>>> print(open('start.csv').read())   # CSV, C-alpha atoms
chain,number,residue,atom,x,y,z
A,75,MET,CA,30.2,-12.1,12.8
A,76,LYS,CA,28.4,-9.2,11.2
A,77,PHE,CA,28.4,-6.2,13.5
A,78,THR,CA,27.1,-2.6,13.6
A,79,LEU,CA,28.7,0.4,15.3
A,80,ILE,CA,26.4,3.0,16.8
A,81,ILE,CA,27.9,6.4,17.7
A,82,CYS,CA,25.6,8.8,19.6
A,83,THR,CA,26.9,12.3,19.3
A,84,TYR,CA,26.0,15.8,20.5
A,85,LEU,CA,27.8,19.0,19.5
A,86,ARG,CA,31.2,17.2,19.1
A,87,PRO,CA,32.0,17.3,15.3
A,88,ASN,CA,35.8,17.3,15.7
A,89,PRO,CA,36.1,14.5,18.4
A,90,LEU,CA,33.7,12.4,16.2
A,91,LEU,CA,35.9,12.9,13.2
A,92,GLN,CA,38.9,11.7,15.2
A,93,LEU,CA,37.0,8.6,16.3
A,94,LEU,CA,35.9,7.8,12.7
A,95,GLN,CA,39.5,8.1,11.5
A,96,SER,CA,40.6,5.6,14.1
A,97,VAL,CA,37.7,3.3,13.0
A,98,GLN,CA,39.0,3.6,9.4
A,99,GLU,CA,42.3,2.0,10.6
A,100,GLN,CA,40.7,-1.1,12.1
A,101,THR,CA,41.9,-4.6,11.3
A,102,LEU,CA,38.2,-5.6,11.4
A,103,TYR,CA,35.8,-3.0,10.0
A,104,PRO,CA,32.1,-2.6,11.0
A,105,ASP,CA,29.5,-3.8,8.5
A,106,GLU,CA,27.6,-0.6,9.2
A,107,ILE,CA,28.2,2.6,11.2
A,108,LEU,CA,25.2,4.5,12.4
A,109,ILE,CA,25.8,8.2,13.5
A,110,ILE,CA,22.9,9.3,15.7
A,111,ASP,CA,23.3,13.1,16.0
A,112,GLY,CA,21.4,15.0,18.6
A,113,SER,CA,23.1,18.3,17.9
A,114,THR,CA,21.2,21.5,17.7
A,115,ASN,CA,23.3,22.8,14.8
A,116,SER,CA,24.6,21.5,11.5
A,117,ALA,CA,28.3,21.4,12.4
A,118,THR,CA,28.5,17.6,12.6
A,119,LYS,CA,26.6,17.0,9.4
A,120,GLU,CA,28.8,19.5,7.6
A,121,ILE,CA,32.1,18.0,8.7
A,122,LEU,CA,31.0,14.5,7.7
A,123,LYS,CA,30.3,15.8,4.2
A,124,GLN,CA,34.0,16.6,3.9
A,125,TYR,CA,35.2,13.0,4.4
A,126,THR,CA,34.3,9.6,3.1
A,127,PHE,CA,33.9,6.8,5.5
A,128,GLN,CA,32.7,3.3,4.4
A,129,ASN,CA,29.3,2.0,5.5
A,130,VAL,CA,28.4,5.2,7.4
A,131,HIS,CA,24.7,6.2,7.7
A,132,TYR,CA,23.9,9.6,9.3
A,133,PHE,CA,20.7,10.4,11.3
A,134,LEU,CA,19.9,13.8,12.7
A,135,VAL,CA,17.3,13.3,15.4
A,136,ASN,CA,14.7,15.8,16.6
A,137,GLU,CA,14.0,16.9,20.1
A,138,LYS,CA,11.8,13.9,21.1
A,139,ASP,CA,14.7,11.5,20.3
A,140,ARG,CA,17.5,13.7,21.7
A,141,GLY,CA,19.5,12.5,24.7
A,142,LEU,CA,21.9,9.6,25.1
A,143,THR,CA,19.4,6.8,26.0
A,144,LYS,CA,16.9,7.9,23.4
A,145,GLN,CA,19.5,8.2,20.7
A,146,ARG,CA,20.8,4.7,21.5
A,147,ASN,CA,17.3,3.2,21.3
A,148,PHE,CA,16.8,5.2,18.0
A,149,GLY,CA,20.0,3.7,16.6
A,150,ILE,CA,19.0,0.1,17.7
A,151,ASN,CA,15.9,0.4,15.7
A,152,LYS,CA,18.0,1.2,12.6
A,153,VAL,CA,20.4,-1.7,12.8
A,154,ASN,CA,20.6,-4.0,9.8
A,155,ILE,CA,18.7,-7.2,10.2
A,156,ILE,CA,21.9,-9.3,9.4
A,157,SER,CA,23.9,-7.8,12.2
A,158,GLU,CA,24.7,-10.2,15.1
A,159,VAL,CA,26.5,-7.7,17.4
A,160,VAL,CA,25.8,-4.0,18.2
A,161,CYS,CA,28.8,-1.9,19.4
A,162,PHE,CA,28.5,1.5,21.1
A,163,LEU,CA,31.3,4.0,21.3
A,164,ASP,CA,31.4,7.5,22.9
A,165,ASP,CA,32.1,10.2,20.4
A,166,ASP,CA,35.3,11.3,22.2
A,167,THR,CA,37.1,8.0,22.1
A,168,VAL,CA,40.0,6.9,19.8
A,169,LEU,CA,40.6,3.2,19.1
A,170,GLU,CA,43.7,1.0,18.9
A,171,ASN,CA,43.6,-0.6,15.5
A,172,ASN,CA,42.6,-4.1,16.7
A,173,TYR,CA,39.7,-2.9,18.9
A,174,PHE,CA,36.9,-4.6,17.0
A,175,GLU,CA,38.9,-7.7,16.3
A,176,GLU,CA,39.4,-8.2,20.0
A,177,ILE,CA,35.7,-7.5,20.8
A,178,ILE,CA,34.5,-10.1,18.3
A,179,LYS,CA,37.2,-12.5,19.4
A,180,ALA,CA,35.7,-12.4,22.9
A,181,TYR,CA,32.3,-13.5,21.6
A,182,VAL,CA,34.0,-16.5,19.8
A,183,ILE,CA,35.9,-17.5,23.0
A,184,PHE,CA,32.8,-17.0,25.2
A,185,PRO,CA,29.7,-17.9,23.1
A,186,ASP,CA,27.5,-17.4,26.1
A,187,ALA,CA,28.4,-13.7,26.2
A,188,LEU,CA,25.5,-11.3,26.0
A,189,GLY,CA,27.8,-8.3,26.0
A,190,VAL,CA,31.5,-7.5,25.8
A,191,GLY,CA,33.2,-4.3,26.8
A,192,GLY,CA,36.4,-2.6,25.7
A,193,TYR,CA,39.2,-1.2,27.9
A,194,ILE,CA,40.2,2.5,28.3
A,195,ASN,CA,44.0,2.7,28.4
A,196,ASN,CA,44.8,6.4,28.9
A,197,GLU,CA,43.3,7.1,32.4
A,198,VAL,CA,45.3,5.1,34.9
A,199,ILE,CA,49.0,4.1,35.2
A,200,TRP,CA,49.4,0.4,36.2
A,201,LYS,CA,52.6,-1.4,37.2
A,202,LYS,CA,53.2,-5.2,37.4
A,203,VAL,CA,53.9,-6.6,40.8
A,204,THR,CA,54.9,-10.0,42.2
A,205,GLU,CA,52.3,-12.5,43.5
A,206,ASP,CA,53.4,-11.9,47.1
A,207,TYR,CA,53.4,-8.1,46.8
A,208,SER,CA,51.8,-6.4,49.9
A,209,PRO,CA,50.1,-3.2,48.8
A,210,LYS,CA,50.2,0.1,50.8
A,211,ILE,CA,46.9,1.7,51.9
A,212,THR,CA,47.5,4.2,49.0
A,213,GLU,CA,47.6,1.4,46.4
A,214,PHE,CA,45.1,-1.0,44.8
A,215,THR,CA,46.2,-4.4,43.5
A,216,PHE,CA,44.5,-6.9,41.2
A,217,ASP,CA,45.7,-9.9,39.2
A,218,GLY,CA,49.4,-9.0,39.4
A,219,TYR,CA,49.1,-5.3,38.9
A,220,LYS,CA,49.0,-2.2,41.1
A,221,ARG,CA,47.7,1.3,40.7
A,222,THR,CA,47.6,4.4,43.0
A,223,GLU,CA,44.4,4.8,45.0
A,224,GLY,CA,42.4,8.0,44.8
A,225,SER,CA,41.9,9.9,48.1
A,226,ARG,CA,38.3,8.8,48.3
A,227,PHE,CA,39.2,5.1,48.3
A,228,VAL,CA,42.0,5.6,50.9
A,229,LEU,CA,39.4,7.3,53.2
A,230,ARG,CA,36.9,4.5,52.6
A,231,LYS,CA,39.5,1.9,53.5
A,232,LYS,CA,40.3,3.7,56.8
A,233,LEU,CA,36.5,4.0,57.6
A,234,GLY,CA,35.7,0.4,56.7
A,235,LEU,CA,33.7,1.5,53.7
A,236,ASP,CA,35.7,-0.1,50.8
A,237,SER,CA,34.0,-2.3,48.2
A,238,ASN,CA,33.9,-6.0,49.1
A,239,GLN,CA,33.4,-7.0,45.5
A,240,SER,CA,35.8,-7.4,42.5
A,241,PRO,CA,35.8,-4.6,40.0
A,242,GLY,CA,32.7,-4.5,37.8
A,243,PHE,CA,30.5,-6.0,40.5
A,244,LEU,CA,28.1,-4.0,42.6
A,245,PRO,CA,28.1,-4.5,46.4
A,246,GLU,CA,24.9,-4.6,48.4
A,247,PHE,CA,25.6,-1.0,49.5
A,248,SER,CA,26.6,0.0,45.9
A,249,HIS,CA,29.6,2.4,45.5
A,250,GLY,CA,31.7,-0.5,44.0
A,251,ARG,CA,34.8,-0.3,42.0
A,252,SER,CA,34.2,0.3,38.3
A,253,ILE,CA,35.8,-1.7,35.5
A,254,GLY,CA,38.5,1.0,35.4
A,255,PHE,CA,40.0,-1.0,38.3
A,256,LEU,CA,40.7,-4.0,36.1
A,257,PRO,CA,44.3,-4.0,34.9
A,258,PRO,CA,45.6,-4.0,31.3
A,259,SER,CA,46.5,-7.7,31.5
A,260,GLY,CA,45.2,-8.6,28.1
A,261,LYS,CA,42.8,-11.0,29.8
A,262,ILE,CA,39.0,-11.3,29.5
A,263,TYR,CA,37.2,-10.8,32.8
A,264,GLU,CA,33.6,-11.6,33.7
A,265,VAL,CA,31.7,-8.6,35.1
A,266,GLU,CA,28.1,-7.4,35.7
A,267,GLN,CA,28.6,-3.9,34.5
A,268,LEU,CA,29.9,-2.4,31.2
A,269,MET,CA,30.6,1.2,30.4
A,270,GLY,CA,28.1,2.2,27.7
A,271,GLY,CA,30.6,4.2,25.7
A,272,VAL,CA,32.9,1.2,25.2
A,273,SER,CA,30.4,-1.6,25.0
A,274,SER,CA,28.9,-4.1,22.7
A,275,PHE,CA,25.9,-6.5,22.9
A,276,LYS,CA,24.4,-9.4,21.1
A,277,LYS,CA,21.7,-7.9,18.9
A,278,SER,CA,19.2,-10.5,20.1
A,279,ILE,CA,19.0,-9.0,23.6
A,280,PHE,CA,17.4,-5.9,22.3
A,281,LYS,CA,14.1,-7.8,21.8
A,282,ASP,CA,13.7,-7.7,25.5
A,283,PHE,CA,16.0,-4.9,26.7
A,284,LYS,CA,16.0,-1.1,26.0
A,285,PHE,CA,18.0,1.7,27.5
A,286,SER,CA,15.8,3.3,30.2
A,287,SER,CA,14.0,6.6,29.5
A,288,TYR,CA,14.6,7.5,33.2
A,289,PHE,CA,18.1,8.8,32.2
A,290,GLU,CA,17.5,11.9,30.2
A,291,GLY,CA,20.0,14.2,28.4
A,292,TYR,CA,23.5,13.3,29.5
A,293,GLY,CA,22.3,10.0,30.9
A,294,LEU,CA,24.8,9.5,33.7
A,295,TYR,CA,24.8,5.8,34.9
A,296,GLU,CA,22.4,4.7,32.2
A,297,ASP,CA,25.0,2.1,31.2
A,298,ALA,CA,25.1,0.7,34.8
A,299,ASP,CA,21.3,0.4,34.8
A,300,PHE,CA,21.2,-1.3,31.5
A,301,THR,CA,24.0,-3.8,32.1
A,302,LEU,CA,22.9,-4.6,35.7
A,303,ARG,CA,19.5,-5.5,34.4
A,304,LEU,CA,21.0,-7.6,31.6
A,305,SER,CA,23.5,-9.4,33.8
A,306,LYS,CA,20.6,-11.0,35.7
A,307,THR,CA,19.9,-13.0,32.6
A,308,GLY,CA,23.4,-13.9,31.3
A,309,LYS,CA,27.1,-13.3,31.1
A,310,LEU,CA,29.0,-10.0,30.5
A,311,TYR,CA,32.7,-9.7,29.9
A,312,ILE,CA,35.5,-7.1,29.6
A,313,ASN,CA,38.3,-7.8,27.1
A,314,THR,CA,41.2,-5.8,28.3
A,315,ALA,CA,43.0,-6.4,25.0
A,316,ALA,CA,40.3,-4.3,23.2
A,317,GLN,CA,41.8,-1.0,24.0
A,318,LEU,CA,41.0,2.7,23.3
A,319,ALA,CA,41.6,6.1,24.7
A,320,HIS,CA,38.9,8.3,26.2
A,321,TYR,CA,39.4,12.1,26.0
A,322,HIS,CA,36.4,13.3,28.0
A,323,ASP,CA,35.6,16.2,25.7
A,324,ARG,CA,33.9,19.0,27.7
A,325,SER,CA,31.4,20.1,25.1
A,326,GLY,CA,27.9,18.7,25.5
A,327,ARG,CA,28.3,18.0,29.2
A,328,PRO,CA,25.9,19.3,31.9
A,329,ASN,CA,27.0,22.0,34.4
A,330,LYS,CA,28.6,20.8,37.6
A,331,TYR,CA,25.5,21.5,39.8
A,332,GLN,CA,23.3,19.3,37.6
A,333,TYR,CA,26.1,16.7,37.4
A,334,GLY,CA,26.4,16.5,41.2
A,335,LYS,CA,22.6,16.0,41.5
A,336,MET,CA,22.7,13.2,38.9
A,337,VAL,CA,25.6,11.5,40.6
A,338,VAL,CA,23.5,11.0,43.8
A,339,ARG,CA,20.0,10.5,42.4
A,340,ASN,CA,21.0,8.3,39.4
A,341,GLY,CA,23.4,6.5,41.7
A,342,TRP,CA,20.5,5.7,44.1
A,343,TYR,CA,18.4,4.6,41.2
A,344,VAL,CA,21.0,2.1,39.9
A,345,TRP,CA,21.7,0.8,43.4
A,346,ARG,CA,18.0,-0.1,43.8
A,347,VAL,CA,17.9,-1.7,40.3
A,348,LYS,CA,20.4,-4.2,41.6
A,349,HIS,CA,19.4,-4.4,45.2
A,350,PRO,CA,15.7,-3.3,45.6
A,351,ASN,CA,15.6,-4.4,49.2
A,352,PRO,CA,19.0,-3.8,50.8
A,353,SER,CA,19.7,-4.5,54.5
A,354,LEU,CA,19.8,-1.7,57.0
A,355,LYS,CA,23.6,-2.0,57.2
A,356,ALA,CA,23.8,-1.6,53.4
A,357,ILE,CA,21.5,1.4,53.5
A,358,PHE,CA,23.7,3.0,56.2
A,359,LYS,CA,26.8,2.4,54.2
A,360,TRP,CA,25.3,3.8,51.0
A,361,HIS,CA,24.4,7.1,52.8
A,362,ALA,CA,27.7,7.2,54.6
A,363,ILE,CA,29.7,6.9,51.4
A,364,THR,CA,27.5,9.4,49.6
A,365,ILE,CA,28.1,12.0,52.4
A,366,LEU,CA,31.8,11.2,52.5
A,367,LEU,CA,32.1,11.8,48.7
A,368,MET,CA,30.1,15.0,49.1
A,369,VAL,CA,32.5,16.3,51.8
A,370,ILE,CA,35.6,15.3,49.8
A,371,ARG,CA,34.2,17.2,46.8
A,372,PHE,CA,33.5,20.3,49.0
A,373,PHE,CA,37.1,20.3,50.3
A,374,ASN,CA,38.3,20.3,46.7
A,375,ILE,CA,37.3,24.0,46.8
A,376,PHE,CA,40.4,24.6,48.9
A,377,ASN,CA,42.9,22.1,47.3
A,378,THR,CA,42.3,22.5,43.6
A,379,ASN,CA,42.3,25.4,41.2
A,380,LYS,CA,38.8,24.6,39.9
A,381,ARG,CA,37.1,26.0,43.0
A,382,MET,CA,33.8,27.0,41.4
A,383,GLU,CA,33.4,23.6,39.8
A,384,ALA,CA,34.1,21.9,43.1
A,385,PHE,CA,31.6,24.2,44.9
A,386,THR,CA,28.7,23.8,42.5
A,387,GLU,CA,29.2,20.0,42.2
A,388,SER,CA,29.3,19.5,46.0
A,389,LEU,CA,26.2,21.7,46.3
A,390,GLY,CA,24.5,19.6,43.6
A,391,ARG,CA,25.4,16.4,45.5
A,392,LYS,CA,24.0,17.8,48.7
A,393,MET,CA,20.7,18.9,47.1
A,394,GLY,CA,20.5,15.5,45.3
A,395,TRP,CA,20.9,13.7,48.5
A,396,ILE,CA,18.4,15.8,50.5
A,397,SER,CA,15.9,15.4,47.7
A,398,LEU,CA,15.9,11.6,48.2
A,399,PHE,CA,14.0,12.0,51.5
A,400,TRP,CA,10.9,13.4,49.8
A,401,ASN,CA,11.3,12.6,46.1
A,402,VAL,CA,12.7,9.1,45.5
A,403,PRO,CA,13.6,8.2,41.9
A,404,LYS,CA,11.1,5.8,40.3
>>> encode(input="start.csv", output="structure tokens")
Amino acid sequence: MKFTLIICTYLRPNPLLQLLQSVQEQTLYPDEILIIDGSTNSATKEILKQYTFQNVHYFLVNEKDRGLTKQRNFGINKVNIISEVVCFLDDDTVLENNYFEEIIKAYVIFPDALGVGGYINNEVIWKKVTEDYSPKITEFTFDGYKRTEGSRFVLRKKLGLDSNQSPGFLPEFSHGRSIGFLPPSGKIYEVEQLMGGVSSFKKSIFKDFKFSSYFEGYGLYEDADFTLRLSKTGKLYINTAAQLAHYHDRSGRPNKYQYGKMVVRNGWYVWRVKHPNPSLKAIFKWHAITILLMVIRFFNIFNTNKRMEAFTESLGRKMGWISLFWNVPK
């Protein structure tokens, strides 16, 4: 299958270089690589001049096309007509050498797939367990593996607010478990959400679907919005054998206050994309979990060494939540 890789980047020349070097080692190489650069300086363009990567096409976008969703839509319009699959990668990821081989393999195994996601392998420690293993409240188990629960999920369990769906599916009250809660089993799992920075899609779907212009700049949860809309029309999968590392480079990210506001407001938006008319019970749970996470983040002021980040993010979450009562996202 012919496939295109789109990398949207912003002020991250060195992480982008590391990613391209890992692409160069792939057992299956992209037929074209589109670099969509929203940077406000020439550092990325200059570093690319120093290296030669096959099939690379570089585009520096102006202000009207700057921002993650806009850059993705810009890139989609530049994809070669012969491509059958379009892959997206965050610019701060590094691939295992069989990443694309496993992504394309999933489309062969599941020809009904509209999208296939990869698997981040450097964020969580998983351990194999027996089928009859009984997890502690501080553990999460799935498909013969266990991982340690974060404090927020432990509290949610105690308060009866845990997700009632498998990872990658959104409950009626939202706040589900992300695909990061799928284990590194090497299996392919059906989901209804993909992470945009480790995703791929059949090119044909872009005739009817675009990334939403609602998500400006950093675009938090734009991937959830896009894939939840897409999953209403067909199947999405995660291939946990298509592995990569994500290093969360801090450059190009919003300040923690703006991030906190986006977590709440964009989270509300995505929730209503999937469940436009939730029940009263689901509405109560959404707000209860939102407040709980806000409180947890506030108390991080006292139990972490990044006190100012915790304070500004918790304040952003609070203001984002309060704003919903007079300014609902549309």
>>> residues_around(input="start.csv", residues="A:Asp206", least_positions_apart="3", cutoff="12 Å", atoms="only C-alpha atoms", output="PDB file with C-alpha atoms, in the frame of the given file")
ATOM      1  CA  LYS A 202      53.200  -5.200  37.400  1.00  0.00           C
ATOM      2  CA  VAL A 203      53.900  -6.600  40.800  1.00  0.00           C
ATOM      3  CA  PRO A 209      50.100  -3.200  48.800  1.00  0.00           C
ATOM      4  CA  THR A 215      46.200  -4.400  43.500  1.00  0.00           C
ATOM      5  CA  PHE A 216      44.500  -6.900  41.200  1.00  0.00           C
ATOM      6  CA  ASP A 217      45.700  -9.900  39.200  1.00  0.00           C
ATOM      7  CA  GLY A 218      49.400  -9.000  39.400  1.00  0.00           C
ATOM      8  CA  TYR A 219      49.100  -5.300  38.900  1.00  0.00           C
TER       9      TYR A 219
END
>>> atom_distance(input="start.csv", atom1="atom CA of A:Glu197", atom2="atom CA of A:Leu90")
19.6 Å
>>> residues_near_point(input="start.csv", point="(24.9, 0.8, 13.2)", cutoff="12 Å", atoms="only C-alpha atoms", output="PyMOL selection string")
chain A and resi 76-82+103-110+129-133+145-163+274+277
>>> write_last_selection(input="start.csv", atoms="C-alpha atoms", output="PDB file, in the frame of the given file")
ATOM      1  CA  LYS A  76      28.400  -9.200  11.200  1.00  0.00           C
ATOM      2  CA  PHE A  77      28.400  -6.200  13.500  1.00  0.00           C
ATOM      3  CA  THR A  78      27.100  -2.600  13.600  1.00  0.00           C
ATOM      4  CA  LEU A  79      28.700   0.400  15.300  1.00  0.00           C
ATOM      5  CA  ILE A  80      26.400   3.000  16.800  1.00  0.00           C
ATOM      6  CA  ILE A  81      27.900   6.400  17.700  1.00  0.00           C
ATOM      7  CA  CYS A  82      25.600   8.800  19.600  1.00  0.00           C
ATOM      8  CA  TYR A 103      35.800  -3.000  10.000  1.00  0.00           C
ATOM      9  CA  PRO A 104      32.100  -2.600  11.000  1.00  0.00           C
ATOM     10  CA  ASP A 105      29.500  -3.800   8.500  1.00  0.00           C
ATOM     11  CA  GLU A 106      27.600  -0.600   9.200  1.00  0.00           C
ATOM     12  CA  ILE A 107      28.200   2.600  11.200  1.00  0.00           C
ATOM     13  CA  LEU A 108      25.200   4.500  12.400  1.00  0.00           C
ATOM     14  CA  ILE A 109      25.800   8.200  13.500  1.00  0.00           C
ATOM     15  CA  ILE A 110      22.900   9.300  15.700  1.00  0.00           C
ATOM     16  CA  ASN A 129      29.300   2.000   5.500  1.00  0.00           C
ATOM     17  CA  VAL A 130      28.400   5.200   7.400  1.00  0.00           C
ATOM     18  CA  HIS A 131      24.700   6.200   7.700  1.00  0.00           C
ATOM     19  CA  TYR A 132      23.900   9.600   9.300  1.00  0.00           C
ATOM     20  CA  PHE A 133      20.700  10.400  11.300  1.00  0.00           C
ATOM     21  CA  GLN A 145      19.500   8.200  20.700  1.00  0.00           C
ATOM     22  CA  ARG A 146      20.800   4.700  21.500  1.00  0.00           C
ATOM     23  CA  ASN A 147      17.300   3.200  21.300  1.00  0.00           C
ATOM     24  CA  PHE A 148      16.800   5.200  18.000  1.00  0.00           C
ATOM     25  CA  GLY A 149      20.000   3.700  16.600  1.00  0.00           C
ATOM     26  CA  ILE A 150      19.000   0.100  17.700  1.00  0.00           C
ATOM     27  CA  ASN A 151      15.900   0.400  15.700  1.00  0.00           C
ATOM     28  CA  LYS A 152      18.000   1.200  12.600  1.00  0.00           C
ATOM     29  CA  VAL A 153      20.400  -1.700  12.800  1.00  0.00           C
ATOM     30  CA  ASN A 154      20.600  -4.000   9.800  1.00  0.00           C
ATOM     31  CA  ILE A 155      18.700  -7.200  10.200  1.00  0.00           C
ATOM     32  CA  ILE A 156      21.900  -9.300   9.400  1.00  0.00           C
ATOM     33  CA  SER A 157      23.900  -7.800  12.200  1.00  0.00           C
ATOM     34  CA  GLU A 158      24.700 -10.200  15.100  1.00  0.00           C
ATOM     35  CA  VAL A 159      26.500  -7.700  17.400  1.00  0.00           C
ATOM     36  CA  VAL A 160      25.800  -4.000  18.200  1.00  0.00           C
ATOM     37  CA  CYS A 161      28.800  -1.900  19.400  1.00  0.00           C
ATOM     38  CA  PHE A 162      28.500   1.500  21.100  1.00  0.00           C
ATOM     39  CA  LEU A 163      31.300   4.000  21.300  1.00  0.00           C
ATOM     40  CA  SER A 274      28.900  -4.100  22.700  1.00  0.00           C
ATOM     41  CA  LYS A 277      21.700  -7.900  18.900  1.00  0.00           C
TER      42      LYS A 277
END
>>> closest_residue(input="start.csv", among="A:Ser237, A:Ser388, A:Asn88, A:Ser259", to="A:Met336", atoms="only C-alpha atoms")
A:Ser388
>>> residues_around(input="start.csv", residues="A:Lys261", least_positions_apart="2", cutoff="9 Å", atoms="only C-alpha atoms", output="ChimeraX atom specification")
/A:257-259,263,312-315
>>> write_last_selection(input="start.csv", atoms="C-alpha atoms", output="PDB file, in the coordinates of the input")
ATOM      1  CA  PRO A 257      44.300  -4.000  34.900  1.00  0.00           C
ATOM      2  CA  PRO A 258      45.600  -4.000  31.300  1.00  0.00           C
ATOM      3  CA  SER A 259      46.500  -7.700  31.500  1.00  0.00           C
ATOM      4  CA  TYR A 263      37.200 -10.800  32.800  1.00  0.00           C
ATOM      5  CA  ILE A 312      35.500  -7.100  29.600  1.00  0.00           C
ATOM      6  CA  ASN A 313      38.300  -7.800  27.100  1.00  0.00           C
ATOM      7  CA  THR A 314      41.200  -5.800  28.300  1.00  0.00           C
ATOM      8  CA  ALA A 315      43.000  -6.400  25.000  1.00  0.00           C
TER       9      ALA A 315
END
>>> residues_around(input="start.csv", residues="A:His349", least_positions_apart="4", cutoff="10 Å", atoms="all atoms listed in the file", output="list in words")
Leu244, Pro245, Glu246, Phe247, Ser248, Tyr343, Val344, Trp345, Ser353 and Ala356 of chain A
>>> residues_around(input="start.csv", residues="A:Glu99", least_positions_apart="3", cutoff="7 Å", atoms="all atoms listed in the file", output="list in words")
Gln95, Ser96 and Asn171 of chain A
>>> residues_near_point(input="start.csv", point="(23.1, -7.1, 28.8)", cutoff="12 Å", atoms="all atoms listed in the file", output="VMD selection string")
chain A and resid 159 to 160 186 to 191 265 to 270 273 to 285 297 to 311
>>> atom_distance(input="start.csv", atom1="atom CA of A:Glu170", atom2="atom CA of A:Phe127")
17.6 Å
>>> closest_residue(input="start.csv", among="A:Val272, A:Val228, A:Ile194, A:Ile253", to="A:Asp165", atoms="only C-alpha atoms")
A:Val272
>>> atom_distance(input="start.csv", atom1="atom CA of A:Glu223", atom2="atom CA of A:Ala180")
29.3 Å
>>> closest_residue(input="start.csv", among="A:Asn351, A:Thr83, A:Ser397, A:Asn195", to="A:Lys119", atoms="all atoms listed in the file")
A:Thr83
>>> closest_residue(input="start.csv", among="A:His249, A:His320, A:Arg339, A:Arg140", to="A:Ile357", atoms="only C-alpha atoms")
A:His249
>>> residues_around(input="start.csv", residues="A:Ser325", least_positions_apart="5", cutoff="10 Å", atoms="only C-alpha atoms", output="list in words")
Tyr84, Leu85, Arg86 and Pro89 of chain A
